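Note: the block below is upload05.csv and it holds CSV, C-alpha atoms.
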chain,number,residue,atom,x,y,z
A,140,MET,CA,1.2,45.6,63.5
A,141,LYS,CA,-2.3,44.2,63.7
A,142,VAL,CA,-3.1,41.3,61.3
A,143,ALA,CA,-6.7,40.0,61.1
A,144,VAL,CA,-7.0,36.5,59.6
A,145,ILE,CA,-10.5,35.6,58.4
A,146,GLY,CA,-10.9,31.8,58.4
A,147,GLY,CA,-9.3,29.2,60.6
A,148,GLY,CA,-8.9,26.4,58.1
A,149,ILE,CA,-5.6,25.0,56.9
A,150,ALA,CA,-4.4,28.3,55.4
A,151,GLY,CA,-5.5,30.6,58.2
A,152,ALA,CA,-4.3,28.5,61.1
A,153,GLU,CA,-1.0,27.6,59.4
A,154,LEU,CA,-0.2,31.3,58.6
A,155,ILE,CA,-0.5,32.2,62.3
A,156,ARG,CA,1.5,29.1,63.4
A,157,VAL,CA,4.4,29.8,61.0
A,158,ALA,CA,4.5,33.5,61.6
A,159,SER,CA,4.7,33.1,65.4
A,160,PRO,CA,6.6,34.2,67.3
A,161,CYS,CA,7.1,37.6,65.7
A,162,PRO,CA,6.1,41.2,66.5
A,163,LEU,CA,2.6,40.8,64.9
A,164,GLN,CA,-0.7,40.9,66.7
A,165,PHE,CA,-2.8,38.2,65.1
A,166,THR,CA,-6.6,38.0,65.5
A,167,LEU,CA,-8.2,34.9,64.1
A,168,ILE,CA,-11.8,35.3,63.1
A,169,GLU,CA,-13.4,31.8,62.9
A,170,PRO,CA,-16.8,30.7,64.2
A,171,LYS,CA,-15.6,27.0,64.6
A,172,LYS,CA,-13.8,26.0,67.8
A,173,GLN,CA,-11.3,23.8,65.9
A,174,VAL,CA,-9.1,23.6,62.9
A,175,GLU,CA,-10.0,20.6,60.7
A,176,MET,CA,-8.2,18.4,58.2
A,177,GLN,CA,-10.7,18.2,55.3
A,178,ALA,CA,-8.6,15.6,53.5
A,179,LEU,CA,-9.5,13.0,56.2
A,180,TYR,CA,-13.3,13.5,56.0
A,181,PRO,CA,-13.8,10.6,53.6
A,182,GLU,CA,-11.9,8.3,56.0
A,183,TYR,CA,-14.0,9.5,58.9
A,184,LEU,CA,-17.1,8.8,56.9
A,185,GLY,CA,-15.9,5.3,56.4
A,186,GLY,CA,-15.0,4.8,60.0
A,187,VAL,CA,-11.3,4.7,59.4
A,188,ALA,CA,-10.2,8.0,60.9
A,189,ARG,CA,-11.1,9.2,64.4
A,190,LEU,CA,-12.2,12.7,65.3
A,191,GLN,CA,-9.0,13.3,67.2
A,192,ASP,CA,-7.1,12.6,64.0
A,193,LEU,CA,-8.7,15.3,62.0
A,194,ALA,CA,-9.3,18.2,64.4
A,195,ALA,CA,-7.5,20.4,67.0
A,196,PRO,CA,-8.9,23.1,69.3
A,197,LEU,CA,-8.2,26.6,68.2
A,198,LYS,CA,-8.5,28.2,71.6
A,199,SER,CA,-5.5,26.5,73.2
A,200,PHE,CA,-3.5,26.9,70.0
A,201,CYS,CA,-4.2,30.7,69.8
A,202,GLU,CA,-3.3,31.1,73.5
A,203,ARG,CA,0.0,29.3,72.9
A,204,VAL,CA,1.1,31.5,70.0
A,205,GLY,CA,-0.3,34.7,71.4
A,206,ALA,CA,-3.1,35.2,69.0
A,207,VAL,CA,-6.7,36.2,69.8
A,208,HIS,CA,-9.5,33.9,68.6
A,209,ILE,CA,-12.9,35.6,67.8
A,210,ARG,CA,-15.5,32.8,67.5
A,211,GLU,CA,-17.8,34.8,65.2
A,212,LYS,CA,-18.6,34.9,61.6
A,213,ALA,CA,-17.1,37.8,59.6
A,214,LEU,CA,-19.8,39.7,57.8
A,215,SER,CA,-18.0,42.5,55.9
A,216,LEU,CA,-14.9,44.7,55.6
A,217,GLU,CA,-15.3,48.4,56.3
A,218,GLY,CA,-12.1,50.3,55.8
A,219,ASN,CA,-9.6,48.9,58.2
A,220,THR,CA,-12.2,47.0,60.2
A,221,VAL,CA,-13.6,43.5,60.0
A,222,VAL,CA,-17.3,43.6,60.9
A,223,CYS,CA,-18.3,40.4,62.7
A,224,GLU,CA,-21.6,39.2,64.2
A,225,LYS,CA,-20.9,40.9,67.5
A,226,SER,CA,-17.4,42.4,67.3
A,227,ARG,CA,-15.4,44.8,65.2
A,228,VAL,CA,-11.8,43.9,64.6
A,229,GLU,CA,-9.4,46.7,63.5
A,230,PHE,CA,-6.4,45.8,61.4
A,231,ASP,CA,-3.3,47.1,59.6
A,232,TYR,CA,-3.5,44.1,57.3
A,233,VAL,CA,-6.2,41.5,56.7
A,234,VAL,CA,-5.9,38.0,55.2
A,235,VAL,CA,-9.0,36.4,53.8
A,236,ALA,CA,-8.8,32.6,54.0
A,237,THR,CA,-12.4,31.5,54.2
A,238,GLY,CA,-12.3,28.5,51.9
A,239,ALA,CA,-15.1,27.7,49.5
A,240,ALA,CA,-18.7,26.6,49.7
A,241,GLN,CA,-20.4,23.5,48.2
A,242,ASN,CA,-21.7,24.2,44.7
A,243,TYR,CA,-25.0,22.4,43.8
A,244,PHE,CA,-25.3,24.0,40.3
A,245,GLY,CA,-29.0,24.7,40.8
A,246,ILE,CA,-29.9,20.9,40.8
A,247,ARG,CA,-33.3,20.2,42.3
A,248,GLY,CA,-33.6,18.2,45.4
A,249,VAL,CA,-30.2,18.9,46.9
A,250,GLU,CA,-31.8,19.0,50.3
A,251,ASN,CA,-32.0,15.2,49.9
A,252,THR,CA,-28.2,14.8,49.7
A,253,PHE,CA,-25.4,14.6,52.2
A,254,SER,CA,-22.1,16.5,51.9
A,255,ILE,CA,-18.6,15.9,53.2
A,256,ASN,CA,-17.5,19.5,52.6
A,257,THR,CA,-17.5,20.3,56.4
A,258,LEU,CA,-16.9,18.2,59.5
A,259,GLU,CA,-20.5,18.7,60.8
A,260,GLU,CA,-21.9,17.6,57.4
A,261,THR,CA,-19.6,14.6,57.4
A,262,LYS,CA,-20.6,13.6,60.9
A,263,ARG,CA,-24.2,13.8,59.9
A,264,ALA,CA,-23.5,11.5,56.9
A,265,ARG,CA,-21.7,9.0,59.1
A,266,ARG,CA,-24.5,8.9,61.6
A,267,TYR,CA,-26.9,8.1,58.7
A,268,VAL,CA,-24.7,5.3,57.5
A,269,GLU,CA,-24.4,3.8,61.0
A,270,ASP,CA,-28.1,4.1,61.7
A,271,ASN,CA,-29.6,3.1,58.4
A,272,TYR,CA,-27.2,0.7,56.6
A,273,PRO,CA,-27.9,2.1,53.1
A,274,GLU,CA,-27.7,-0.6,50.4
A,275,ARG,CA,-27.3,1.8,47.4
A,276,ILE,CA,-25.1,4.9,47.8
A,277,MET,CA,-24.7,7.4,44.9
A,278,ILE,CA,-21.7,9.7,45.0
A,279,MET,CA,-22.1,12.7,42.7
A,280,GLY,CA,-18.8,14.0,41.6
A,281,SER,CA,-15.5,12.2,41.0
A,282,GLY,CA,-13.0,14.6,42.2
A,283,LEU,CA,-10.6,13.7,45.0
A,284,THR,CA,-13.3,13.7,47.7
A,285,GLY,CA,-15.7,11.6,45.6
A,286,VAL,CA,-13.1,9.0,44.6
A,287,GLU,CA,-11.7,8.6,48.1
A,288,ALA,CA,-15.2,8.4,49.7
A,289,ALA,CA,-16.3,5.7,47.2
A,290,SER,CA,-13.1,3.7,47.8
A,291,ILE,CA,-13.5,3.7,51.5
A,292,LEU,CA,-17.3,3.1,51.6
A,293,ALA,CA,-16.9,0.2,49.1
A,294,GLU,CA,-14.6,-1.5,51.7
A,295,SER,CA,-16.4,-0.6,54.9
A,296,LEU,CA,-20.0,-1.3,53.8
A,297,ASP,CA,-21.9,-4.2,52.3
A,298,ALA,CA,-23.5,-1.8,49.8
A,299,SER,CA,-23.6,-0.9,46.1
A,300,ILE,CA,-21.5,2.2,45.5
A,301,TYR,CA,-22.0,4.4,42.5
A,302,ILE,CA,-19.9,7.3,41.2
A,303,ILE,CA,-21.8,9.7,38.9
A,304,GLU,CA,-19.7,12.1,36.8
A,305,ALA,CA,-20.9,14.6,34.2
A,306,LYS,CA,-17.6,14.5,32.3
A,307,ASP,CA,-16.3,11.5,30.4
A,308,ARG,CA,-13.9,10.2,33.0
A,309,VAL,CA,-13.3,10.2,36.8
A,310,LEU,CA,-10.8,12.7,38.2
A,311,PRO,CA,-11.3,14.9,35.0
A,312,GLN,CA,-8.9,17.5,36.4
A,313,PHE,CA,-6.1,15.0,36.3
A,314,SER,CA,-4.3,13.3,33.4
A,315,PRO,CA,-6.0,10.5,31.4
A,316,GLN,CA,-3.4,8.1,32.8
A,317,THR,CA,-4.4,8.9,36.3
A,318,SER,CA,-8.1,8.6,35.6
A,319,GLN,CA,-7.5,5.2,33.9
A,320,LEU,CA,-5.5,3.8,36.9
A,321,VAL,CA,-8.0,5.1,39.5
A,322,GLU,CA,-11.0,3.8,37.5
A,323,LYS,CA,-9.4,0.4,37.3
A,324,ALA,CA,-8.8,0.4,41.1
A,325,LEU,CA,-12.4,1.5,41.8
A,326,SER,CA,-13.8,-1.2,39.5
A,327,LYS,CA,-11.8,-3.9,41.3
A,328,LYS,CA,-13.6,-2.8,44.5
A,329,GLY,CA,-17.0,-3.2,42.8
A,330,VAL,CA,-17.7,0.6,42.5
A,331,ASN,CA,-20.1,1.3,39.7
A,332,ILE,CA,-18.8,4.2,37.5
A,333,LEU,CA,-21.3,6.3,35.5
A,334,THR,CA,-19.5,8.9,33.4
A,335,SER,CA,-21.0,11.4,30.9
A,336,THR,CA,-24.1,11.3,33.2
A,337,GLU,CA,-25.8,14.5,34.4
A,338,VAL,CA,-28.1,14.6,37.4
A,339,ALA,CA,-31.4,16.4,36.9
A,340,GLU,CA,-33.0,15.9,40.3
A,341,VAL,CA,-32.3,14.1,43.6
A,342,LYS,CA,-35.4,12.6,45.1
A,343,GLU,CA,-35.8,10.9,48.5
A,344,ASP,CA,-35.5,7.4,47.0
A,345,CYS,CA,-33.9,7.9,43.6
A,346,ILE,CA,-31.8,10.1,41.3
A,347,SER,CA,-33.2,11.3,38.0
A,348,PHE,CA,-30.8,12.0,35.1
A,349,THR,CA,-31.1,14.5,32.2
A,350,ASP,CA,-31.6,11.6,29.7
A,351,GLY,CA,-34.8,10.7,31.5
A,352,SER,CA,-33.5,7.6,33.3
A,353,CYS,CA,-33.3,7.2,37.0
A,354,LEU,CA,-31.7,4.9,39.7
A,355,ASP,CA,-33.0,3.9,43.1
A,356,CYS,CA,-30.9,5.3,45.9
A,357,ASP,CA,-30.8,4.9,49.7
A,358,MET,CA,-28.2,7.7,50.2
A,359,ALA,CA,-26.9,10.5,48.0
A,360,ILE,CA,-23.6,12.2,48.7
A,361,TRP,CA,-22.8,15.4,46.8
A,362,THR,CA,-19.1,16.1,46.1
A,363,ALA,CA,-19.4,17.9,42.7
A,364,GLY,CA,-17.7,21.2,42.9
A,365,VAL,CA,-17.2,24.3,45.0
A,366,LYS,CA,-18.0,28.0,44.7
A,367,PRO,CA,-17.2,31.3,46.4
A,368,SER,CA,-18.9,31.8,49.8
A,369,PRO,CA,-21.5,34.6,50.2
A,370,PHE,CA,-18.9,36.5,52.2
A,371,ILE,CA,-16.5,36.4,49.3
A,372,GLN,CA,-19.1,37.4,46.8
A,373,ASP,CA,-20.0,40.5,48.8
A,374,LEU,CA,-16.5,41.9,49.2
A,375,ASP,CA,-15.5,44.9,47.2
A,376,LEU,CA,-12.3,43.3,45.8
A,377,PRO,CA,-11.0,42.3,42.4
A,378,LYS,CA,-12.6,39.0,41.3
A,379,LYS,CA,-12.1,36.4,38.7
A,380,ASN,CA,-14.8,33.8,38.1
A,381,GLY,CA,-16.1,34.9,41.5
A,382,TRP,CA,-12.9,34.2,43.4
A,383,ILE,CA,-10.7,36.9,45.0
A,384,LEU,CA,-8.0,37.8,42.4
A,385,VAL,CA,-4.6,38.3,43.9
A,386,ASP,CA,-1.3,39.4,42.5
A,387,PRO,CA,1.9,37.3,42.6
A,388,HIS,CA,2.4,38.4,46.2
A,389,LEU,CA,-1.1,37.2,47.2
A,390,ASN,CA,-2.3,40.8,47.5
A,391,ALA,CA,-5.8,41.6,46.5
A,392,LYS,CA,-5.9,45.3,47.1
A,393,GLY,CA,-4.1,47.7,49.4
A,394,ASN,CA,-3.7,46.0,52.8
A,395,VAL,CA,-5.9,43.1,51.9
A,396,PHE,CA,-4.5,39.6,51.1
A,397,ALA,CA,-6.2,36.4,50.2
A,398,MET,CA,-5.1,32.8,50.0
A,399,GLY,CA,-6.4,29.2,49.9
A,400,ASP,CA,-9.6,28.1,48.2
A,401,CYS,CA,-11.2,31.5,48.3
A,402,ALA,CA,-8.5,33.0,46.1
A,403,TRP,CA,-7.6,33.0,42.4
A,404,VAL,CA,-3.9,32.5,42.5
A,405,GLU,CA,-2.3,32.6,39.1
A,406,VAL,CA,1.5,33.3,38.7
A,407,ASP,CA,3.5,33.1,35.5
A,408,GLY,CA,0.6,31.4,33.7
A,409,LYS,CA,0.2,28.7,36.4
A,410,LEU,CA,-3.2,28.6,38.2
A,411,ALA,CA,-3.0,27.2,41.7
A,412,THR,CA,-5.3,24.2,42.6
A,413,LYS,CA,-7.7,24.5,45.5
A,414,THR,CA,-5.9,21.9,47.6
A,415,GLY,CA,-4.5,21.5,51.0
A,416,LEU,CA,-1.0,21.5,49.6
A,417,GLU,CA,-1.4,24.9,48.0
A,418,ALA,CA,-3.2,26.4,51.0
A,419,GLU,CA,-0.4,25.3,53.2
A,420,ARG,CA,2.3,26.7,50.9
A,421,GLN,CA,0.5,30.0,50.5
A,422,ALA,CA,0.2,30.3,54.3
A,423,LYS,CA,4.0,29.8,54.7
A,424,TYR,CA,4.7,32.3,51.9
A,425,LEU,CA,2.5,35.0,53.5
A,426,ALA,CA,4.1,34.4,56.9
A,427,HIS,CA,7.5,35.1,55.3
A,428,HIS,CA,6.0,38.1,53.5
A,429,PHE,CA,4.8,39.7,56.7
A,430,ARG,CA,8.2,39.2,58.4
A,431,ASN,CA,9.7,41.1,55.5
A,432,LEU,CA,7.1,43.8,55.8
A,433,ILE,CA,8.3,44.3,59.4
A,434,LYS,CA,11.9,44.5,58.2
A,435,GLY,CA,11.1,46.8,55.3
A,436,ALA,CA,12.5,44.1,52.9
A,437,THR,CA,11.0,42.9,49.7
A,438,VAL,CA,9.9,39.3,49.0
A,439,GLU,CA,10.0,37.2,45.9
A,440,LYS,CA,6.7,36.4,44.2
A,441,TYR,CA,4.8,33.3,45.1
A,442,SER,CA,5.6,30.1,43.2
A,443,VAL,CA,2.7,27.7,42.4
A,444,ARG,CA,3.6,24.1,43.2
A,445,ALA,CA,0.3,22.3,42.3
A,446,SER,CA,-1.2,24.0,39.3
A,447,THR,CA,-4.3,23.0,37.3
A,448,ASP,CA,-2.1,21.9,34.4
A,449,SER,CA,0.4,20.1,36.6
A,450,GLN,CA,-1.4,18.4,39.5
A,451,VAL,CA,0.4,17.2,42.6
A,452,ALA,CA,-1.6,14.9,44.9
A,453,LEU,CA,-1.7,11.8,47.0
A,454,ILE,CA,-5.0,9.9,46.4
A,455,SER,CA,-6.3,7.4,48.9
A,456,LEU,CA,-8.0,4.3,47.4
A,457,GLY,CA,-8.7,2.5,50.7
A,458,ALA,CA,-7.1,-0.8,52.1
A,459,ASP,CA,-3.8,1.0,52.9
A,460,CYS,CA,-3.6,1.8,49.2
A,461,ALA,CA,-2.9,5.2,47.5
A,462,VAL,CA,-1.4,6.6,44.4
A,463,GLY,CA,0.8,9.6,43.9
A,464,VAL,CA,0.4,12.2,41.1
A,465,VAL,CA,3.0,14.6,39.9
A,466,GLY,CA,2.0,16.4,36.7
A,467,LYS,CA,1.1,13.8,34.1
A,468,THR,CA,2.9,11.0,36.0
A,469,CYS,CA,0.9,8.7,38.2
A,470,ILE,CA,2.8,6.6,40.6
A,471,GLY,CA,0.9,3.5,41.6
A,472,VAL,CA,3.5,1.5,43.5
A,473,PRO,CA,4.3,0.8,46.2
A,474,THR,CA,0.7,1.5,47.1
A,475,ARG,CA,1.1,0.8,50.9
A,476,LEU,CA,4.1,3.1,51.2
A,477,ILE,CA,2.3,5.9,49.3
A,478,TYR,CA,-0.8,5.4,51.6
A,479,SER,CA,1.4,5.6,54.7
A,480,LEU,CA,3.0,8.8,53.4
A,481,LYS,CA,-0.4,10.4,52.8
A,482,SER,CA,-1.7,9.3,56.2
A,483,TRP,CA,1.4,10.7,57.9
A,484,ILE,CA,1.1,14.0,56.1
A,485,ASP,CA,-2.6,14.5,56.9
A,486,LYS,CA,-2.4,13.5,60.5
A,487,SER,CA,0.9,15.3,61.3
A,488,PHE,CA,-0.7,18.6,60.0
A,489,ILE,CA,-3.3,18.5,62.8
A,490,LYS,CA,-0.7,17.5,65.4
A,491,ARG,CA,1.1,20.8,64.7
A,492,PHE,CA,-1.8,22.6,66.5
A,493,LYS,CA,-2.0,20.4,69.5
Take the structure in this file and express it as structure tokens.
Amino acid sequence: MKVAVIGGGIAGAELIRVASPCPLQFTLIEPKKQVEMQALYPEYLGGVARLQDLAAPLKSFCERVGAVHIREKALSLEGNTVVCEKSRVEFDYVVVATGAAQNYFGIRGVENTFSINTLEETKRARRYVEDNYPERIMIMGSGLTGVEAASILAESLDASIYIIEAKDRVLPQFSPQTSQLVEKALSKKGVNILTSTEVAEVKEDCISFTDGSCLDCDMAIWTAGVKPSPFIQDLDLPKKNGWILVDPHLNAKGNVFAMGDCAWVEVDGKLATKTGLEAERQAKYLAHHFRNLIKGATVEKYSVRASTDSQVALISLGADCAVGVVGKTCIGVPTRLIYSLKSWIDKSFIKRFK
């Protein structure tokens, strides 16, 4: 059985790793040469993590598990074929796991911002920090990436760090208790928090807000939201809010499956978060699903672990400090132990592919 996997991030690479060895012929379609751990991008930006901690080569991994790596961008699906930039890959089943793209919400001047949504963009941001020693850094968006980047930069740089959030609290997707605890930790580090503040335009030396005010800025980092990639938008598949809509077995339509950030995964009223935890679990589920397809057996529907109404996360706050979140409960101690657990989880994931 030929299985094409589009996207070599956490979900795509983990699916192939867990499913092997089995009588499936996997083809991984991913233009990057490595699998990357996005959760460690903020630590790399702050000079805490090394490149070898957050990336592993896909070529040697695929050779080891008997998969084929096509280093091209997927362009479209035509019947049972993935059309790539130079190649055409036939499949019996295809899994779309292309992640998400940065969402700039039509804000003017985004070309003046840095992003930490991909490794290449994060490396560019780190080079700018090392070469220019910015004194005022504005981080737009206070989700997990924004909060972790602010915490680490506040410790590693002699600079004024600002978090700008359009909603009325940081980490608005989490419980008010979690937001309050994290805001307190950020304030202790000297991070300036501006909530209920909307960006109108990012200029080369300042940021303008919708109320007419502005702040001088040496470096602007955008972490405010994601959206479906152009590849996802162009697919003739069921969608919800632009994301690929899948059933409780992660099936989109016919022999097409989707998982990870590119998919809308909602089972029994629980909507999966777009996190590494969910991407990894969905990959393991699909690996089990494909094994059952070979045997002609059925598989139970997917069970969402980290849902939008019951978050599960480990949040790094720098200085060997982290908090854990399970639903509405925020665990703030012991901070060093929680940080060690998060660091071990993030780094051990990449080691699986080496």
For this session: Go ahead and compute the interatomic distance for CA of Gly146 (chain A) and CA of Glu417 (chain A), in Å to one decimal.
Result: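 These atoms are spaced 15.7 Å apart.
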Residues of region 288-381 of chain A within 8 Å of region 247-268 of chain A: nearest atom pair and distance (Å, one decimal) for each, counting only C-alpha atoms, sorted by chain and number, as a Markdown table?
| residue | atom | partner | partner_atom | distance |
| --- | --- | --- | --- | --- |
| A:Ala339 | CA | A:Arg247 | CA | 6.9 |
| A:Glu340 | CA | A:Arg247 | CA | 4.8 |
| A:Val341 | CA | A:Gly248 | CA | 4.7 |
| A:Lys342 | CA | A:Gly248 | CA | 5.9 |
| A:Glu343 | CA | A:Asn251 | CA | 5.9 |
| A:Met358 | CA | A:Thr252 | CA | 7.1 |
| A:Ala359 | CA | A:Thr252 | CA | 4.8 |
| A:Ile360 | CA | A:Phe253 | CA | 4.6 |
| A:Trp361 | CA | A:Ser254 | CA | 5.3 |
| A:Thr362 | CA | A:Ser254 | CA | 6.5 |
Problem set entry | Two-atom distance - CA of Ile155 (chain A), CA of Pro170 (chain A) (Å) |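 Taking CA of Ile155 (chain A) and CA of Pro170 (chain A), their separation equals 16.5 Å.
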Problem set entry | Long-range neighbours of region 448-463 of chain A as a list in words, 8 Å cut-off, all atoms listed in the file, 3 positions minimum in chain |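 Counting all atoms listed in the file, the residues come to Leu283, Val286, Glu287, Ser290, Ile291, Glu294, Phe313, Val321, Ala324, Leu325, Lys409, Leu410, Thr412, Arg444, Ala445, Gly466, Lys467, Cys469, Ile470, Gly471, Val472, Thr474, Arg475, Ile477, Tyr478, Ser479 and Lys481 of chain A.
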Problem set entry | Selected residue of minimal separation from Gly185 (chain A) among A:Thr349, A:Thr334, A:Ser295, A:Ser446, counting all atoms listed in the file |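 Nearest to Gly185 (chain A): A:Ser295.
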Exercise. Residues at most 9 Å from region 380-388 of chain A, counting all atoms listed in the file, excluding those fewer than 6 positions away in the same chain, as a VMD selection string?
Worked result: chain A and resid 235 366 to 367 371 to 372 374 396 to 398 400 to 407 424 to 425 428 438 to 442
Exercise. From the list A:Val142, A:Leu389, A:Ala298, A:Leu193, which residue is nearest Lys423 (chain A) when using all atoms listed in the file?
Worked result: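 The closest residue to Lys423 (chain A) is A:Leu389.
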Name all residues at most 10 Å from region 147-151 of chain A (count only C-alpha atoms; drop same-chain ones fewer than 5 positions away) and give them as a tab-separated table (two decimals) with C-alpha atoms, keeping the file's coordinate frame.
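New file around-v8.tsv:
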chain	number	residue	atom	x	y	z
A	156	ARG	CA	1.50	29.10	63.40
A	167	LEU	CA	-8.20	34.90	64.10
A	168	ILE	CA	-11.80	35.30	63.10
A	169	GLU	CA	-13.40	31.80	62.90
A	170	PRO	CA	-16.80	30.70	64.20
A	171	LYS	CA	-15.60	27.00	64.60
A	172	LYS	CA	-13.80	26.00	67.80
A	173	GLN	CA	-11.30	23.80	65.90
A	174	VAL	CA	-9.10	23.60	62.90
A	175	GLU	CA	-10.00	20.60	60.70
A	176	MET	CA	-8.20	18.40	58.20
A	177	GLN	CA	-10.70	18.20	55.30
A	197	LEU	CA	-8.20	26.60	68.20
A	208	HIS	CA	-9.50	33.90	68.60
A	210	ARG	CA	-15.50	32.80	67.50
A	234	VAL	CA	-5.90	38.00	55.20
A	235	VAL	CA	-9.00	36.40	53.80
A	236	ALA	CA	-8.80	32.60	54.00
A	237	THR	CA	-12.40	31.50	54.20
A	238	GLY	CA	-12.30	28.50	51.90
A	397	ALA	CA	-6.20	36.40	50.20
A	398	MET	CA	-5.10	32.80	50.00
A	399	GLY	CA	-6.40	29.20	49.90
A	400	ASP	CA	-9.60	28.10	48.20
A	414	THR	CA	-5.90	21.90	47.60
A	415	GLY	CA	-4.50	21.50	51.00
A	416	LEU	CA	-1.00	21.50	49.60
A	417	GLU	CA	-1.40	24.90	48.00
A	418	ALA	CA	-3.20	26.40	51.00
A	419	GLU	CA	-0.40	25.30	53.20
A	420	ARG	CA	2.30	26.70	50.90
A	421	GLN	CA	0.50	30.00	50.50
A	422	ALA	CA	0.20	30.30	54.30
A	423	LYS	CA	4.00	29.80	54.70
A	425	LEU	CA	2.50	35.00	53.50
A	488	PHE	CA	-0.70	18.60	60.00
A	489	ILE	CA	-3.30	18.50	62.80
For this session: Rank A:Glu153, A:Asp192, A:Asp231, A:Asp375 by their smallest atom-to-atom distance to Ser482 (chain A), using all atoms listed in the file, and report the top residue only.
Result: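 Distance minimum relative to Ser482 (chain A) lands on A:Asp192.
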Exercise. Using all atoms listed in the file, which residue out of A:Ala194, A:Ile145, A:Glu269, A:Ala411 lies closest to Ala213 (chain A)?
Worked result: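 Smallest separation from Ala213 (chain A) among the options: A:Ile145.
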For this session: Give the answer as one residue: which of A:Phe230, A:Phe244, A:Phe200, A:Phe370 has the shortest atom-to-atom distance to Lys490 (chain A), using all atoms listed in the file?
Result: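 When distances to Lys490 (chain A) are compared using all atoms listed in the file, the smallest one comes from A:Phe200.
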